Amino acid sequence: MHPISEEPCSDDRLSAYRPWLFAAAIYNLAWGGINILFPSLYFDLISIEPPNYTGIWQVVGMFVLFYAPAYWWAGRYPARHRHLVVIGMAGKLFGPIGLVWSVATDDLPAAFGWTIITNDLIWWPAFVLYLRDAARLCGGWKALLTGD
């Protein structure tokens, strides 16, 4: 285990992912902010009736918004904040799983899946490659997943 003040790994090869991490931060800031301020907008765009409780959609926007600083920190220091990307990738895996479940149980229409493309799927290649490289360069998968 590394002391807090010590850089866990300092391989410059993770710096190649900075543009993706900064883009994720900006995207999450914009998407989260828009859905907080205009909770019916997405429903209007995909032509489905917004729920009577748009406040829950604003909460989703807040969760997405709060990923923005995490991705920004990871972009600034890709080796130091790699665990934040692990958490982000988990969300990008479970979002589509939740959508499939919700569509299969008729809780959401399939059109709702458009948000999965931009919130999750387009980020998979960069995040998977980043995590692969972070594991390889910074102590392996066990170290990455246990926070060592």
# chains A, B, ... in the order shown; residues from 1 in each chain; ligands from 1
call {"tool": "residues_around", "arguments": {"residues": "Leu145 (chain A)", "least_positions_apart": "6", "cutoff": "12 Å", "atoms": "only C-alpha atoms", "output": "ChimeraX atom specification"}}
result
/A:82-87,89-90,131-132,134-135,138-139
call {"tool": "residues_around", "arguments": {"residues": "region 113-120 of chain A", "least_positions_apart": "5", "cutoff": "8 Å", "atoms": "only C-alpha atoms", "output": "PDB file with C-alpha atoms, in the first residue's frame"}}
result
ATOM      1  CA  GLY A  91     -21.984   3.174 -13.749  1.00  0.00           C
ATOM      2  CA  LYS A  92     -21.466   2.868 -17.495  1.00  0.00           C
ATOM      3  CA  LEU A  93     -21.967  -0.902 -17.212  1.00  0.00           C
ATOM      4  CA  GLY A  95     -26.816   1.874 -16.729  1.00  0.00           C
ATOM      5  CA  PRO A  96     -27.347  -0.299 -19.827  1.00  0.00           C
ATOM      6  CA  LEU A  99     -32.221  -0.084 -19.120  1.00  0.00           C
TER       7      LEU A  99
END
call {"tool": "closest_residue", "arguments": {"among": "A:Leu45, A:Ala79, A:Ala70, A:Leu37", "to": "Trp57 (chain A)", "atoms": "only C-alpha atoms"}}
result
A:Leu37
call {"tool": "residues_around", "arguments": {"residues": "His81 (chain A)", "least_positions_apart": "5", "cutoff": "9 Å", "atoms": "only C-alpha atoms", "output": "PyMOL selection string"}}
result
chain A and resi 70-71+73-76
call {"tool": "closest_residue", "arguments": {"among": "A:Leu21, A:Cys9, A:Ala143, A:Ile34", "to": "Phe127 (chain A)", "atoms": "only C-alpha atoms"}}
result
A:Leu21
call {"tool": "residues_around", "arguments": {"residues": "Asn52 (chain A)", "least_positions_apart": "4", "cutoff": "12 Å", "atoms": "only C-alpha atoms", "output": "MDAnalysis selection string"}}
result
chainID A and resid 39:40 43 56:57
call {"tool": "write_last_selection", "arguments": {"atoms": "C-alpha atoms", "output": "short mmCIF file (atom, residue, chain, number, x, y, z; two decimals), in the first residue's frame"}}
result
data_model
loop_
_atom_site.label_atom_id
_atom_site.label_comp_id
_atom_site.auth_asym_id
_atom_site.auth_seq_id
_atom_site.Cartn_x
_atom_site.Cartn_y
_atom_site.Cartn_z
CA PRO A 39 -36.26 17.97 -16.49
CA SER A 40 -38.87 17.51 -19.24
CA PHE A 43 -38.72 13.34 -22.64
CA ILE A 56 -36.50 11.98 -9.80
CA TRP A 57 -35.07 12.82 -13.24
#
call {"tool": "atom_distance", "arguments": {"atom1": "CA of Trp72 (chain A)", "atom2": "CA of Gly33 (chain A)"}}
result
15.8 Å
call {"tool": "atom_distance", "arguments": {"atom1": "CA of Leu14 (chain A)", "atom2": "CA of Trp141 (chain A)"}}
result
15.3 Å
call {"tool": "closest_residue", "arguments": {"among": "A:Ser10, A:Ser102, A:Asn28, A:Thr54", "to": "Leu41 (chain A)", "atoms": "only C-alpha atoms"}}
result
A:Thr54
call {"tool": "atom_distance", "arguments": {"atom1": "CA of Ile26 (chain A)", "atom2": "CA of Trp101 (chain A)"}}
result
28.7 Å
call {"tool": "select_by_dssp", "arguments": {"residues": "chain A", "states": "helix (DSSP H, G or I)", "output": "PyMOL selection string"}}
result
chain A and resi 12-37+41-45+55-76+82-104+110-119+121-137+140-146
call {"tool": "write_last_selection", "arguments": {"atoms": "C-alpha atoms", "output": "mmCIF file, in the first residue's frame"}}
result
data_model
loop_
_atom_site.group_PDB
_atom_site.id
_atom_site.type_symbol
_atom_site.label_atom_id
_atom_site.label_comp_id
_atom_site.auth_asym_id
_atom_site.auth_seq_id
_atom_site.Cartn_x
_atom_site.Cartn_y
_atom_site.Cartn_z
ATOM 1 C CA ASP A 12 3.092 9.138 -18.515
ATOM 2 C CA ARG A 13 1.368 6.702 -20.869
ATOM 3 C CA LEU A 14 -1.910 7.250 -18.991
ATOM 4 C CA SER A 15 -1.733 10.918 -20.019
ATOM 5 C CA ALA A 16 -2.967 9.883 -23.459
ATOM 6 C CA TYR A 17 -6.439 9.487 -21.919
ATOM 7 C CA ARG A 18 -6.629 13.078 -20.650
ATOM 8 C CA PRO A 19 -8.739 14.354 -23.576
ATOM 9 C CA TRP A 20 -11.319 11.589 -23.004
ATOM 10 C CA LEU A 21 -11.482 12.249 -19.271
ATOM 11 C CA PHE A 22 -11.838 16.002 -19.757
ATOM 12 C CA ALA A 23 -14.510 15.387 -22.421
ATOM 13 C CA ALA A 24 -16.382 13.128 -19.978
ATOM 14 C CA ALA A 25 -16.206 15.878 -17.342
ATOM 15 C CA ILE A 26 -17.600 18.502 -19.715
ATOM 16 C CA TYR A 27 -20.282 16.147 -21.020
ATOM 17 C CA ASN A 28 -21.425 15.204 -17.500
ATOM 18 C CA LEU A 29 -21.488 18.850 -16.437
ATOM 19 C CA ALA A 30 -23.643 19.759 -19.438
ATOM 20 C CA TRP A 31 -25.943 16.702 -19.384
ATOM 21 C CA GLY A 32 -26.456 16.831 -15.636
ATOM 22 C CA GLY A 33 -27.037 20.576 -15.598
ATOM 23 C CA ILE A 34 -29.511 20.485 -18.475
ATOM 24 C CA ASN A 35 -31.542 17.705 -16.857
ATOM 25 C CA ILE A 36 -31.596 19.498 -13.526
ATOM 26 C CA LEU A 37 -32.718 22.782 -15.062
ATOM 27 C CA LEU A 41 -36.549 18.331 -22.155
ATOM 28 C CA TYR A 42 -35.227 14.805 -22.760
ATOM 29 C CA PHE A 43 -38.721 13.336 -22.640
ATOM 30 C CA ASP A 44 -39.874 15.921 -25.177
ATOM 31 C CA LEU A 45 -36.923 15.112 -27.467
ATOM 32 C CA GLY A 55 -37.896 15.508 -9.590
ATOM 33 C CA ILE A 56 -36.502 11.980 -9.802
ATOM 34 C CA TRP A 57 -35.068 12.824 -13.239
ATOM 35 C CA GLN A 58 -33.457 15.900 -11.712
ATOM 36 C CA VAL A 59 -31.846 13.610 -9.122
ATOM 37 C CA VAL A 60 -30.429 11.510 -11.975
ATOM 38 C CA GLY A 61 -29.095 14.744 -13.462
ATOM 39 C CA MET A 62 -27.493 15.594 -10.131
ATOM 40 C CA PHE A 63 -25.745 12.200 -9.962
ATOM 41 C CA VAL A 64 -24.408 12.632 -13.488
ATOM 42 C CA LEU A 65 -23.355 16.206 -12.720
ATOM 43 C CA PHE A 66 -21.338 15.053 -9.719
ATOM 44 C CA TYR A 67 -19.264 12.717 -11.877
ATOM 45 C CA ALA A 68 -17.959 15.823 -13.705
ATOM 46 C CA PRO A 69 -15.373 16.866 -11.096
ATOM 47 C CA ALA A 70 -14.237 13.263 -10.682
ATOM 48 C CA TYR A 71 -13.515 12.957 -14.397
ATOM 49 C CA TRP A 72 -11.839 16.381 -14.351
ATOM 50 C CA TRP A 73 -9.546 15.289 -11.501
ATOM 51 C CA ALA A 74 -8.780 12.057 -13.340
ATOM 52 C CA GLY A 75 -7.971 14.086 -16.455
ATOM 53 C CA ARG A 76 -5.567 16.288 -14.518
ATOM 54 C CA ARG A 82 -7.694 5.947 -11.668
ATOM 55 C CA HIS A 83 -10.106 4.616 -9.040
ATOM 56 C CA LEU A 84 -12.586 7.340 -9.948
ATOM 57 C CA VAL A 85 -12.634 5.945 -13.473
ATOM 58 C CA VAL A 86 -13.335 2.465 -12.053
ATOM 59 C CA ILE A 87 -16.435 3.892 -10.349
ATOM 60 C CA GLY A 88 -17.449 5.735 -13.525
ATOM 61 C CA MET A 89 -17.062 2.586 -15.610
ATOM 62 C CA ALA A 90 -19.219 0.645 -13.159
ATOM 63 C CA GLY A 91 -21.984 3.174 -13.749
ATOM 64 C CA LYS A 92 -21.466 2.868 -17.495
ATOM 65 C CA LEU A 93 -21.967 -0.902 -17.212
ATOM 66 C CA PHE A 94 -24.937 -0.887 -14.853
ATOM 67 C CA GLY A 95 -26.816 1.874 -16.729
ATOM 68 C CA PRO A 96 -27.347 -0.299 -19.827
ATOM 69 C CA ILE A 97 -28.151 -3.340 -17.666
ATOM 70 C CA GLY A 98 -30.791 -1.315 -15.833
ATOM 71 C CA LEU A 99 -32.221 -0.084 -19.120
ATOM 72 C CA VAL A 100 -32.515 -3.598 -20.535
ATOM 73 C CA TRP A 101 -34.247 -4.714 -17.337
ATOM 74 C CA SER A 102 -36.613 -1.717 -17.373
ATOM 75 C CA VAL A 103 -37.539 -2.204 -21.026
ATOM 76 C CA ALA A 104 -38.027 -5.967 -20.538
ATOM 77 C CA ALA A 110 -37.141 1.399 -25.601
ATOM 78 C CA ALA A 111 -36.839 4.996 -26.849
ATOM 79 C CA PHE A 112 -35.472 5.857 -23.426
ATOM 80 C CA GLY A 113 -32.323 3.978 -24.454
ATOM 81 C CA TRP A 114 -31.047 6.909 -26.512
ATOM 82 C CA THR A 115 -29.566 8.344 -23.338
ATOM 83 C CA ILE A 116 -27.550 5.132 -22.802
ATOM 84 C CA ILE A 117 -25.697 5.721 -26.063
ATOM 85 C CA THR A 118 -24.367 9.129 -25.044
ATOM 86 C CA ASN A 119 -24.108 8.579 -21.279
ATOM 87 C CA LEU A 121 -21.747 3.321 -24.614
ATOM 88 C CA ILE A 122 -19.632 5.936 -26.390
ATOM 89 C CA TRP A 123 -17.304 6.063 -23.374
ATOM 90 C CA TRP A 124 -16.717 2.306 -23.151
ATOM 91 C CA PRO A 125 -13.747 2.067 -25.565
ATOM 92 C CA ALA A 126 -11.715 4.859 -23.949
ATOM 93 C CA PHE A 127 -12.562 3.857 -20.382
ATOM 94 C CA VAL A 128 -11.876 0.155 -20.965
ATOM 95 C CA LEU A 129 -8.523 0.934 -22.588
ATOM 96 C CA TYR A 130 -7.649 3.381 -19.821
ATOM 97 C CA LEU A 131 -8.467 0.814 -17.126
ATOM 98 C CA ARG A 132 -6.537 -1.894 -18.963
ATOM 99 C CA ASP A 133 -3.488 0.354 -19.142
ATOM 100 C CA ALA A 134 -3.890 1.613 -15.569
ATOM 101 C CA ALA A 135 -4.002 -1.974 -14.309
ATOM 102 C CA ARG A 136 -0.986 -2.971 -16.376
ATOM 103 C CA LEU A 137 1.085 0.073 -15.409
ATOM 104 C CA GLY A 140 -2.374 -5.012 -11.739
ATOM 105 C CA TRP A 141 -6.141 -5.501 -11.593
ATOM 106 C CA LYS A 142 -6.151 -6.438 -7.912
ATOM 107 C CA ALA A 143 -4.385 -3.174 -7.009
ATOM 108 C CA LEU A 144 -6.746 -1.201 -9.217
ATOM 109 C CA LEU A 145 -9.927 -2.781 -7.862
ATOM 110 C CA THR A 146 -8.884 -2.771 -4.194
#
call {"tool": "decode", "arguments": {"residues": "region 16-104 of chain A", "atoms": "C-alpha atoms", "output": "PDB file, in the first residue's frame"}}
result
ATOM      1  CA  ALA A  16      -2.967   9.883 -23.459  1.00  0.00           C
ATOM      2  CA  TYR A  17      -6.439   9.487 -21.919  1.00  0.00           C
ATOM      3  CA  ARG A  18      -6.629  13.078 -20.650  1.00  0.00           C
ATOM      4  CA  PRO A  19      -8.739  14.354 -23.576  1.00  0.00           C
ATOM      5  CA  TRP A  20     -11.319  11.589 -23.004  1.00  0.00           C
ATOM      6  CA  LEU A  21     -11.482  12.249 -19.271  1.00  0.00           C
ATOM      7  CA  PHE A  22     -11.838  16.002 -19.757  1.00  0.00           C
ATOM      8  CA  ALA A  23     -14.510  15.387 -22.421  1.00  0.00           C
ATOM      9  CA  ALA A  24     -16.382  13.128 -19.978  1.00  0.00           C
ATOM     10  CA  ALA A  25     -16.206  15.878 -17.342  1.00  0.00           C
ATOM     11  CA  ILE A  26     -17.600  18.502 -19.715  1.00  0.00           C
ATOM     12  CA  TYR A  27     -20.282  16.147 -21.020  1.00  0.00           C
ATOM     13  CA  ASN A  28     -21.425  15.204 -17.500  1.00  0.00           C
ATOM     14  CA  LEU A  29     -21.488  18.850 -16.437  1.00  0.00           C
ATOM     15  CA  ALA A  30     -23.643  19.759 -19.438  1.00  0.00           C
ATOM     16  CA  TRP A  31     -25.943  16.702 -19.384  1.00  0.00           C
ATOM     17  CA  GLY A  32     -26.456  16.831 -15.636  1.00  0.00           C
ATOM     18  CA  GLY A  33     -27.037  20.576 -15.598  1.00  0.00           C
ATOM     19  CA  ILE A  34     -29.511  20.485 -18.475  1.00  0.00           C
ATOM     20  CA  ASN A  35     -31.542  17.705 -16.857  1.00  0.00           C
ATOM     21  CA  ILE A  36     -31.596  19.498 -13.526  1.00  0.00           C
ATOM     22  CA  LEU A  37     -32.718  22.782 -15.062  1.00  0.00           C
ATOM     23  CA  PHE A  38     -35.021  21.355 -17.755  1.00  0.00           C
ATOM     24  CA  PRO A  39     -36.258  17.967 -16.485  1.00  0.00           C
ATOM     25  CA  SER A  40     -38.870  17.515 -19.236  1.00  0.00           C
ATOM     26  CA  LEU A  41     -36.549  18.331 -22.155  1.00  0.00           C
ATOM     27  CA  TYR A  42     -35.227  14.805 -22.760  1.00  0.00           C
ATOM     28  CA  PHE A  43     -38.721  13.336 -22.640  1.00  0.00           C
ATOM     29  CA  ASP A  44     -39.874  15.921 -25.177  1.00  0.00           C
ATOM     30  CA  LEU A  45     -36.923  15.112 -27.467  1.00  0.00           C
ATOM     31  CA  ILE A  46     -37.731  11.386 -27.535  1.00  0.00           C
ATOM     32  CA  SER A  47     -41.486  12.025 -27.725  1.00  0.00           C
ATOM     33  CA  ILE A  48     -42.555  10.288 -24.548  1.00  0.00           C
ATOM     34  CA  GLU A  49     -44.668  11.686 -21.762  1.00  0.00           C
ATOM     35  CA  PRO A  50     -42.551  12.933 -18.866  1.00  0.00           C
ATOM     36  CA  PRO A  51     -43.375  11.348 -15.531  1.00  0.00           C
ATOM     37  CA  ASN A  52     -45.471  13.291 -13.054  1.00  0.00           C
ATOM     38  CA  TYR A  53     -42.465  13.197 -10.749  1.00  0.00           C
ATOM     39  CA  THR A  54     -39.756  14.899 -12.834  1.00  0.00           C
ATOM     40  CA  GLY A  55     -37.896  15.508  -9.590  1.00  0.00           C
ATOM     41  CA  ILE A  56     -36.502  11.980  -9.802  1.00  0.00           C
ATOM     42  CA  TRP A  57     -35.068  12.824 -13.239  1.00  0.00           C
ATOM     43  CA  GLN A  58     -33.457  15.900 -11.712  1.00  0.00           C
ATOM     44  CA  VAL A  59     -31.846  13.610  -9.122  1.00  0.00           C
ATOM     45  CA  VAL A  60     -30.429  11.510 -11.975  1.00  0.00           C
ATOM     46  CA  GLY A  61     -29.095  14.744 -13.462  1.00  0.00           C
ATOM     47  CA  MET A  62     -27.493  15.594 -10.131  1.00  0.00           C
ATOM     48  CA  PHE A  63     -25.745  12.200  -9.962  1.00  0.00           C
ATOM     49  CA  VAL A  64     -24.408  12.632 -13.488  1.00  0.00           C
ATOM     50  CA  LEU A  65     -23.355  16.206 -12.720  1.00  0.00           C
ATOM     51  CA  PHE A  66     -21.338  15.053  -9.719  1.00  0.00           C
ATOM     52  CA  TYR A  67     -19.264  12.717 -11.877  1.00  0.00           C
ATOM     53  CA  ALA A  68     -17.959  15.823 -13.705  1.00  0.00           C
ATOM     54  CA  PRO A  69     -15.373  16.866 -11.096  1.00  0.00           C
ATOM     55  CA  ALA A  70     -14.237  13.263 -10.682  1.00  0.00           C
ATOM     56  CA  TYR A  71     -13.515  12.957 -14.397  1.00  0.00           C
ATOM     57  CA  TRP A  72     -11.839  16.381 -14.351  1.00  0.00           C
ATOM     58  CA  TRP A  73      -9.546  15.289 -11.501  1.00  0.00           C
ATOM     59  CA  ALA A  74      -8.780  12.057 -13.340  1.00  0.00           C
ATOM     60  CA  GLY A  75      -7.971  14.086 -16.455  1.00  0.00           C
ATOM     61  CA  ARG A  76      -5.567  16.288 -14.518  1.00  0.00           C
ATOM     62  CA  TYR A  77      -3.839  13.348 -12.825  1.00  0.00           C
ATOM     63  CA  PRO A  78      -4.676  10.158 -14.736  1.00  0.00           C
ATOM     64  CA  ALA A  79      -2.459   7.872 -12.655  1.00  0.00           C
ATOM     65  CA  ARG A  80      -3.473   9.297  -9.279  1.00  0.00           C
ATOM     66  CA  HIS A  81      -7.261   9.201  -9.769  1.00  0.00           C
ATOM     67  CA  ARG A  82      -7.694   5.947 -11.668  1.00  0.00           C
ATOM     68  CA  HIS A  83     -10.106   4.616  -9.040  1.00  0.00           C
ATOM     69  CA  LEU A  84     -12.586   7.340  -9.948  1.00  0.00           C
ATOM     70  CA  VAL A  85     -12.634   5.945 -13.473  1.00  0.00           C
ATOM     71  CA  VAL A  86     -13.335   2.465 -12.053  1.00  0.00           C
ATOM     72  CA  ILE A  87     -16.435   3.892 -10.349  1.00  0.00           C
ATOM     73  CA  GLY A  88     -17.449   5.735 -13.525  1.00  0.00           C
ATOM     74  CA  MET A  89     -17.062   2.586 -15.610  1.00  0.00           C
ATOM     75  CA  ALA A  90     -19.219   0.645 -13.159  1.00  0.00           C
ATOM     76  CA  GLY A  91     -21.984   3.174 -13.749  1.00  0.00           C
ATOM     77  CA  LYS A  92     -21.466   2.868 -17.495  1.00  0.00           C
ATOM     78  CA  LEU A  93     -21.967  -0.902 -17.212  1.00  0.00           C
ATOM     79  CA  PHE A  94     -24.937  -0.887 -14.853  1.00  0.00           C
ATOM     80  CA  GLY A  95     -26.816   1.874 -16.729  1.00  0.00           C
ATOM     81  CA  PRO A  96     -27.347  -0.299 -19.827  1.00  0.00           C
ATOM     82  CA  ILE A  97     -28.151  -3.340 -17.666  1.00  0.00           C
ATOM     83  CA  GLY A  98     -30.791  -1.315 -15.833  1.00  0.00           C
ATOM     84  CA  LEU A  99     -32.221  -0.084 -19.120  1.00  0.00           C
ATOM     85  CA  VAL A 100     -32.515  -3.598 -20.535  1.00  0.00           C
ATOM     86  CA  TRP A 101     -34.247  -4.714 -17.337  1.00  0.00           C
ATOM     87  CA  SER A 102     -36.613  -1.717 -17.373  1.00  0.00           C
ATOM     88  CA  VAL A 103     -37.539  -2.204 -21.026  1.00  0.00           C
ATOM     89  CA  ALA A 104     -38.027  -5.967 -20.538  1.00  0.00           C
TER      90      ALA A 104
END
